[in-house]
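Novice: If it helps, the file is called run.cif and holds mmCIF, C-alpha atoms:
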data_model
loop_
_atom_site.label_atom_id
_atom_site.label_comp_id
_atom_site.auth_asym_id
_atom_site.auth_seq_id
_atom_site.Cartn_x
_atom_site.Cartn_y
_atom_site.Cartn_z
CA MET C 1 -84.08 -38.45 212.18
CA ALA C 2 -82.08 -39.98 214.93
CA HIS C 3 -82.14 -40.18 218.69
CA MET C 4 -81.68 -36.82 220.35
CA ARG C 5 -78.39 -37.98 221.84
CA LYS C 6 -76.95 -38.43 218.39
CA GLN C 7 -78.34 -35.12 217.21
CA LEU C 8 -76.86 -33.34 220.22
CA ARG C 9 -73.52 -35.11 219.88
CA ASP C 10 -73.41 -34.17 216.22
CA ALA C 11 -74.23 -30.59 217.14
CA VAL C 12 -71.34 -30.46 219.59
CA ILE C 13 -69.03 -31.99 216.99
CA THR C 14 -70.15 -29.43 214.43
CA ALA C 15 -69.56 -26.59 216.89
CA CYS C 16 -66.08 -27.90 217.68
CA THR C 17 -65.01 -28.56 214.10
CA GLY C 18 -62.84 -26.00 212.39
CA LEU C 19 -61.45 -24.41 215.53
CA THR C 20 -58.13 -22.64 215.15
CA THR C 21 -55.94 -25.14 216.99
CA THR C 22 -57.60 -28.47 216.24
CA GLY C 23 -59.20 -27.76 212.86
CA SER C 24 -60.80 -30.84 211.33
CA LYS C 25 -59.11 -33.26 213.74
CA VAL C 26 -62.34 -33.97 215.58
CA PHE C 27 -63.29 -37.58 216.27
CA ASN C 28 -66.63 -39.04 217.27
CA HIS C 29 -66.50 -41.80 219.91
CA ARG C 30 -63.02 -42.83 218.85
CA VAL C 31 -61.69 -46.07 220.32
CA TYR C 32 -58.25 -46.36 218.69
CA PRO C 33 -55.13 -44.46 219.72
CA LEU C 34 -54.44 -41.15 218.04
CA GLY C 35 -51.34 -41.01 215.86
CA SER C 36 -49.20 -37.91 215.55
CA ASN C 37 -50.99 -36.94 212.34
CA LYS C 38 -54.22 -36.55 214.32
CA LEU C 39 -52.80 -34.13 216.87
CA PRO C 40 -53.72 -31.73 218.28
CA GLY C 41 -57.17 -33.24 218.14
CA LEU C 42 -60.51 -33.57 219.86
CA CYS C 43 -62.44 -36.71 220.78
CA ILE C 44 -66.09 -36.20 221.61
CA TYR C 45 -68.29 -38.67 223.46
CA THR C 46 -71.78 -38.77 224.86
CA GLN C 47 -71.15 -40.44 228.17
CA ASP C 48 -74.32 -40.90 230.21
CA GLU C 49 -77.78 -39.48 230.57
CA SER C 50 -80.34 -39.12 233.33
CA SER C 51 -84.08 -38.75 232.84
CA ALA C 52 -86.98 -37.36 234.85
CA TYR C 53 -90.63 -37.61 233.88
CA GLN C 54 -92.36 -34.25 233.94
CA THR C 55 -95.96 -35.18 233.16
CA ILE C 56 -98.31 -37.90 234.35
CA SER C 57 -100.33 -39.11 231.39
CA PRO C 58 -98.63 -40.98 228.54
CA PRO C 59 -97.02 -40.00 226.36
CA ARG C 60 -95.08 -38.27 229.09
CA SER C 61 -92.58 -35.50 228.66
CA VAL C 62 -89.10 -36.50 229.70
CA HIS C 63 -86.55 -34.03 230.95
CA ARG C 64 -83.09 -35.35 230.16
CA ILE C 65 -79.59 -34.34 231.15
CA LEU C 66 -76.91 -35.62 228.79
CA ASN C 67 -73.25 -35.56 229.78
CA VAL C 68 -70.90 -34.93 226.89
CA VAL C 69 -67.13 -35.21 227.16
CA VAL C 70 -64.76 -33.27 224.93
CA GLU C 71 -61.20 -34.53 225.21
CA SER C 72 -58.30 -32.61 223.70
CA TYR C 73 -55.04 -34.38 222.87
CA VAL C 74 -51.68 -32.68 222.44
CA LYS C 75 -48.09 -33.88 222.01
CA ALA C 76 -45.19 -31.42 222.24
CA THR C 77 -41.81 -30.91 223.83
CA SER C 78 -42.98 -27.73 225.57
CA GLY C 79 -46.03 -25.55 225.96
CA TYR C 80 -48.43 -28.50 225.87
CA ASP C 81 -50.33 -27.15 228.87
CA ASP C 82 -50.72 -23.80 227.16
CA THR C 83 -52.01 -25.54 224.04
CA ILE C 84 -54.51 -27.55 226.07
CA ASP C 85 -55.81 -24.33 227.62
CA GLN C 86 -55.95 -22.63 224.23
CA ILE C 87 -58.02 -25.52 222.89
CA ALA C 88 -60.29 -25.29 225.95
CA LEU C 89 -60.77 -21.59 225.26
CA GLU C 90 -61.78 -22.28 221.67
CA VAL C 91 -64.12 -25.13 222.62
CA GLU C 92 -65.81 -23.13 225.38
CA GLU C 93 -66.37 -20.18 223.08
CA ALA C 94 -67.74 -22.44 220.37
CA ILE C 95 -70.15 -24.19 222.73
CA VAL C 96 -71.36 -21.10 224.53
CA ALA C 97 -71.97 -19.28 221.25
CA ASP C 98 -75.22 -21.24 221.06
CA VAL C 99 -76.22 -23.04 224.26
CA THR C 100 -79.31 -24.43 222.49
CA LEU C 101 -77.08 -26.29 220.01
CA GLY C 102 -79.17 -25.19 217.08
CA GLY C 103 -82.45 -25.25 218.97
CA LEU C 104 -82.12 -28.86 220.12
CA ALA C 105 -81.28 -28.21 223.76
CA LYS C 106 -82.78 -26.20 226.58
CA ASP C 107 -79.33 -25.35 227.86
CA THR C 108 -75.68 -26.34 227.64
CA LYS C 109 -73.25 -25.83 230.50
CA ILE C 110 -69.56 -26.49 230.89
CA LEU C 111 -69.29 -28.25 234.22
CA GLY C 112 -65.60 -28.80 234.64
CA PHE C 113 -62.18 -29.52 233.26
CA THR C 114 -59.25 -31.73 234.18
CA SER C 115 -55.94 -32.36 232.49
CA GLU C 116 -53.38 -35.11 232.67
CA VAL C 117 -49.93 -35.59 231.21
CA SER C 118 -47.65 -38.50 230.43
CA GLY C 119 -43.91 -38.64 229.80
CA ASP C 120 -43.84 -42.21 228.55
CA GLY C 121 -43.51 -41.38 224.86
CA GLU C 122 -41.07 -39.60 222.59
CA GLN C 123 -42.62 -36.29 223.65
CA PRO C 124 -44.89 -35.28 226.52
CA ALA C 125 -48.53 -36.10 225.87
CA CYS C 126 -51.26 -34.02 227.47
CA VAL C 127 -54.99 -34.59 227.57
CA GLY C 128 -57.62 -32.06 228.61
CA ILE C 129 -61.03 -33.44 229.58
CA MET C 130 -63.98 -31.06 229.48
CA ARG C 131 -67.32 -32.12 230.91
CA ILE C 132 -70.37 -30.58 229.31
CA GLU C 133 -73.97 -30.93 230.45
CA VAL C 134 -76.73 -30.68 227.87
CA THR C 135 -80.32 -30.34 229.04
CA TYR C 136 -83.17 -31.21 226.70
CA CYS C 137 -86.73 -32.48 226.70
CA ALA C 138 -88.46 -35.01 224.51
CA ALA C 139 -91.70 -36.94 224.61
CA GLU C 140 -91.23 -40.54 225.73
CA ASN C 141 -92.74 -41.81 222.49
CA ASP C 142 -90.65 -39.53 220.31
CA PRO C 143 -87.00 -39.40 221.43
CA GLU C 144 -86.05 -37.96 218.08
CA THR C 145 -87.67 -34.60 218.65
CA SER C 146 -86.90 -32.02 221.30
CA VAL C 147 -89.80 -30.18 222.84
CA MET M 1 -22.10 -58.26 240.99
CA ALA M 2 -23.24 -57.93 237.39
CA VAL M 3 -24.71 -60.93 235.63
CA GLU M 4 -22.68 -60.29 232.50
CA THR M 5 -19.03 -59.43 232.10
CA ALA M 6 -17.64 -56.32 230.41
CA ALA M 7 -16.61 -58.47 227.45
CA GLU M 8 -20.14 -59.80 227.11
CA ARG M 9 -21.52 -56.27 227.14
CA ASP M 10 -19.09 -55.28 224.42
CA ALA M 11 -20.12 -58.28 222.35
CA MET M 12 -23.80 -57.50 222.82
CA LEU M 13 -23.33 -53.88 221.80
CA ALA M 14 -21.20 -54.90 218.83
CA ASP M 15 -23.95 -57.20 217.59
CA PHE M 16 -27.05 -55.13 218.35
CA GLY M 17 -25.79 -51.62 219.00
CA VAL M 18 -25.87 -48.51 216.85
CA ASP M 19 -23.62 -45.50 216.92
CA ALA M 20 -24.95 -42.40 218.59
CA ILE M 21 -23.45 -38.97 218.96
CA PHE M 22 -23.46 -38.05 222.61
CA ASP M 23 -23.18 -34.29 223.02
CA PRO M 24 -23.04 -33.21 226.66
CA ALA M 25 -23.46 -29.55 227.50
CA THR M 26 -20.21 -29.39 229.43
CA SER M 27 -17.78 -31.19 227.12
CA SER M 28 -17.23 -32.07 223.51
CA HIS M 29 -19.29 -34.67 221.72
CA LYS M 30 -18.25 -38.25 221.13
CA THR M 31 -19.63 -41.37 219.53
CA VAL M 32 -21.02 -44.04 221.83
CA LYS M 33 -22.48 -47.40 220.99
CA GLY M 34 -25.78 -48.54 222.41
CA ILE M 35 -29.04 -50.31 221.69
CA LEU M 36 -31.94 -48.15 220.58
CA ASP M 37 -35.32 -49.47 221.66
CA ASN M 38 -37.89 -47.33 219.86
CA ILE M 39 -41.14 -49.23 220.03
CA TYR M 40 -44.26 -47.63 218.58
CA GLU M 41 -47.19 -48.12 220.89
CA GLU M 42 -50.03 -46.50 222.76
CA VAL M 43 -49.22 -44.05 225.54
CA GLU M 44 -51.97 -43.57 228.10
CA ALA M 45 -52.23 -39.92 229.03
CA GLY M 46 -55.55 -39.90 230.83
CA GLY M 47 -58.14 -39.69 228.08
CA ARG M 48 -60.46 -42.38 226.83
CA VAL M 49 -57.97 -43.27 224.11
CA GLY M 50 -54.21 -43.20 224.09
CA ILE M 51 -51.73 -41.49 221.82
CA ALA M 52 -49.69 -43.73 219.54
CA MET M 53 -46.05 -42.74 219.35
CA GLN M 54 -42.50 -43.94 219.62
CA GLN M 55 -40.96 -44.59 223.01
CA PRO M 56 -37.23 -44.11 222.47
CA ARG M 57 -34.87 -45.66 225.01
CA PHE M 58 -31.11 -46.05 224.59
CA PHE M 59 -29.08 -48.66 226.46
CA CYS M 60 -25.34 -48.12 226.67
CA LYS M 61 -22.38 -48.60 228.94
CA THR M 62 -22.47 -46.27 231.91
CA ALA M 63 -18.79 -45.46 231.45
CA ASP M 64 -19.45 -44.16 227.94
CA ILE M 65 -21.73 -41.44 229.18
CA SER M 66 -20.15 -40.65 232.53
CA GLY M 67 -20.98 -37.14 233.66
CA SER M 68 -24.12 -36.99 231.57
CA VAL M 69 -27.03 -34.97 232.89
CA GLU M 70 -30.64 -34.53 231.88
CA GLY M 71 -30.78 -32.15 228.95
CA ASP M 72 -27.69 -33.46 227.19
CA ALA M 73 -28.12 -34.20 223.51
CA LEU M 74 -27.98 -37.55 221.76
CA GLU M 75 -28.27 -38.02 218.01
CA ILE M 76 -29.07 -41.39 216.49
CA ASP M 77 -29.31 -41.90 212.71
CA SER M 78 -29.44 -38.12 212.29
CA VAL M 79 -32.45 -37.91 214.62
CA PRO M 80 -31.88 -35.47 217.48
CA TYR M 81 -32.98 -36.37 220.98
CA THR M 82 -32.68 -34.83 224.40
CA ILE M 83 -31.83 -37.06 227.35
CA LYS M 84 -34.67 -36.70 229.86
CA VAL M 85 -33.97 -39.47 232.37
CA ILE M 86 -30.77 -41.34 233.17
CA MET M 87 -31.28 -44.74 234.78
CA SER M 88 -28.16 -46.65 235.70
CA ASP M 89 -28.66 -50.29 236.57
CA GLY M 90 -25.72 -50.06 238.98
CA ASN M 91 -23.92 -52.81 237.13
CA GLY M 92 -22.34 -51.00 234.24
CA MET M 93 -25.27 -50.31 231.92
CA THR M 94 -27.52 -47.26 231.73
CA GLU M 95 -30.92 -46.73 230.15
CA LEU M 96 -31.59 -43.27 228.77
CA VAL M 97 -35.14 -42.03 228.35
CA LEU M 98 -35.11 -39.84 225.25
CA GLU M 99 -37.29 -37.01 224.03
CA LEU M 100 -37.56 -36.33 220.33
CA ASP M 101 -36.44 -32.75 219.65
#
Please go through the file and, once you have read it, give me the structure as structure tokens.
Specialist:
Amino acid sequence: MAHMRKQLRDAVITACTGLTTTGSKVFNHRVYPLGSNKLPGLCIYTQDESSAYQTISPPRSVHRILNVVVESYVKATSGYDDTIDQIALEVEEAIVADVTLGGLAKDTKILGFTSEVSGDGEQPACVGIMRIEVTYCAAENDPETSV
Amino acid sequence: MAVETAAERDAMLADFGVDAIFDPATSSHKTVKGILDNIYEEVEAGGRVGIAMQQPRFFCKTADISGSVEGDALEIDSVPYTIKVIMSDGNGMTELVLELD
């Protein structure tokens, strides 16, 4: 078993792997630049988490909200914005198909999306950043198991 | 006033330049000599990581590409590019920002 954050991140990665546009080019917490052979691709991160205690007596139940970021990367001479939106469509559908992420989460919501573009390279590069909120609960003495 | 003379530019291009086929939309193509700077490095596009790719720039004499506009074609070593930005230094040399076709 592993911390719930890892389990949830892995669940998001599994849901987003094999999509039509990005296929197997899905990267977990990547830190190095993406080469052309990794595009179009997804980078998935668990960013931050907030906690609220729901019960009084230890071991207390902890309600947690985990923010996950799914970034899509595209390089093309044209239509890169359309590709970014197509990837967003596929990711949203994949995530919403099971908002419990295999029974691990209470809920999963897509909170927002931004995109940015750069013309510094040999072709325009576009990045879409999707913010996803995952709600789950775990006992404070057992952060490996959702309740 | 330019720092270098026209003769010095010619010498520099003769030593470091490559031939490129400049193909403007409004006239016939011709061969021009210039320096291709095509560094491979990370381009920041807004995500947590960058995208690694070439950054092609071509430096040539402004007179050699007079009348050029964005969208004109340039071929270097059989690699086709489109000119996206034309940046004259005002002293006889121009930097072209290229997009790989």
Novice: Can you work out which residues from chain C touch chain M at a cut-off of 9 Å (counting only C-alpha atoms) and hand them back as a VMD selection string?
Specialist: chain C and resid 30 to 36 39 43 71 to 75 77 115 to 129
Novice: Give me a file of those residues, with C-alpha atoms, as a compact mmCIF listing (two decimals), keeping the file's coordinate frame.
Specialist:
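Final output, saved to selection_3.txt:
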# COMPACT_ATOMS: atom_id res chain seq x y z
CA ARG C 30 -63.02 -42.83 218.85
CA VAL C 31 -61.69 -46.07 220.32
CA TYR C 32 -58.25 -46.36 218.69
CA PRO C 33 -55.13 -44.46 219.72
CA LEU C 34 -54.44 -41.15 218.04
CA GLY C 35 -51.34 -41.01 215.86
CA SER C 36 -49.20 -37.91 215.55
CA LEU C 39 -52.80 -34.13 216.87
CA CYS C 43 -62.44 -36.71 220.78
CA GLU C 71 -61.20 -34.53 225.21
CA SER C 72 -58.30 -32.61 223.70
CA TYR C 73 -55.04 -34.38 222.87
CA VAL C 74 -51.68 -32.68 222.44
CA LYS C 75 -48.09 -33.88 222.01
CA THR C 77 -41.81 -30.91 223.83
CA SER C 115 -55.94 -32.36 232.49
CA GLU C 116 -53.38 -35.11 232.67
CA VAL C 117 -49.93 -35.59 231.21
CA SER C 118 -47.65 -38.50 230.43
CA GLY C 119 -43.91 -38.64 229.80
CA ASP C 120 -43.84 -42.21 228.55
CA GLY C 121 -43.51 -41.38 224.86
CA GLU C 122 -41.07 -39.60 222.59
CA GLN C 123 -42.62 -36.29 223.65
CA PRO C 124 -44.89 -35.28 226.52
CA ALA C 125 -48.53 -36.10 225.87
CA CYS C 126 -51.26 -34.02 227.47
CA VAL C 127 -54.99 -34.59 227.57
CA GLY C 128 -57.62 -32.06 228.61
CA ILE C 129 -61.03 -33.44 229.58
Novice: Could you list the residues chosen by the PyMOL selection byres ((chain M and resi 61) around 8) in this structure as a PyMOL selection string?
Specialist: chain M and resi 9+34+59-60+62-65+92-94
Novice: Could you save those same residues with C-alpha atoms as a compact mmCIF listing (two decimals), in the coordinates of the input?
Specialist:
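What ended up in out.txt:
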# COMPACT_ATOMS: atom_id res chain seq x y z
CA ARG M 9 -21.52 -56.27 227.14
CA GLY M 34 -25.78 -48.54 222.41
CA PHE M 59 -29.08 -48.66 226.46
CA CYS M 60 -25.34 -48.12 226.67
CA THR M 62 -22.47 -46.27 231.91
CA ALA M 63 -18.79 -45.46 231.45
CA ASP M 64 -19.45 -44.16 227.94
CA ILE M 65 -21.73 -41.44 229.18
CA GLY M 92 -22.34 -51.00 234.24
CA MET M 93 -25.27 -50.31 231.92
CA THR M 94 -27.52 -47.26 231.73
Novice: List the neighbours of Glu70 (chain M) out to 8 Å using only C-alpha atoms; skip same-chain residues closer than 2 positions along the sequence, and give me the result as a list in words.
Specialist: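 Final neighbour list, sorted by chain and number: Ser68, Asp72, Thr82, Ile83, Lys84, Val85 and Ile86 of chain M.
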Novice: Between CA of Val12 (chain C) and CA of His63 (chain C), what is the distance in Å, rounded to a tenth?
Specialist: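 Answer for the CA of Val12 (chain C) to CA of His63 (chain C) separation: 19.3 Å.
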Novice: Nearest residue to Tyr80 (chain C) out of C:Met4, C:Ser57, C:Pro40, C:Asn67, using all atoms listed in the file?
Specialist: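 The shortest atom-to-atom distance to Tyr80 (chain C) comes from C:Pro40.
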Novice: How many Å separate CA of Leu111 (chain C) from CA of Ala52 (chain C)?
Specialist: 19.9 Å
Novice: Give the answer as one residue: which of M:Ala20, M:Ser27, M:Gly67, M:Val3 has the shortest atom-to-atom distance to Val79 (chain M), using only C-alpha atoms?
Specialist: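 Ranking M:Ala20, M:Ser27, M:Gly67, M:Val3 by distance to Val79 (chain M), first place goes to M:Ala20.
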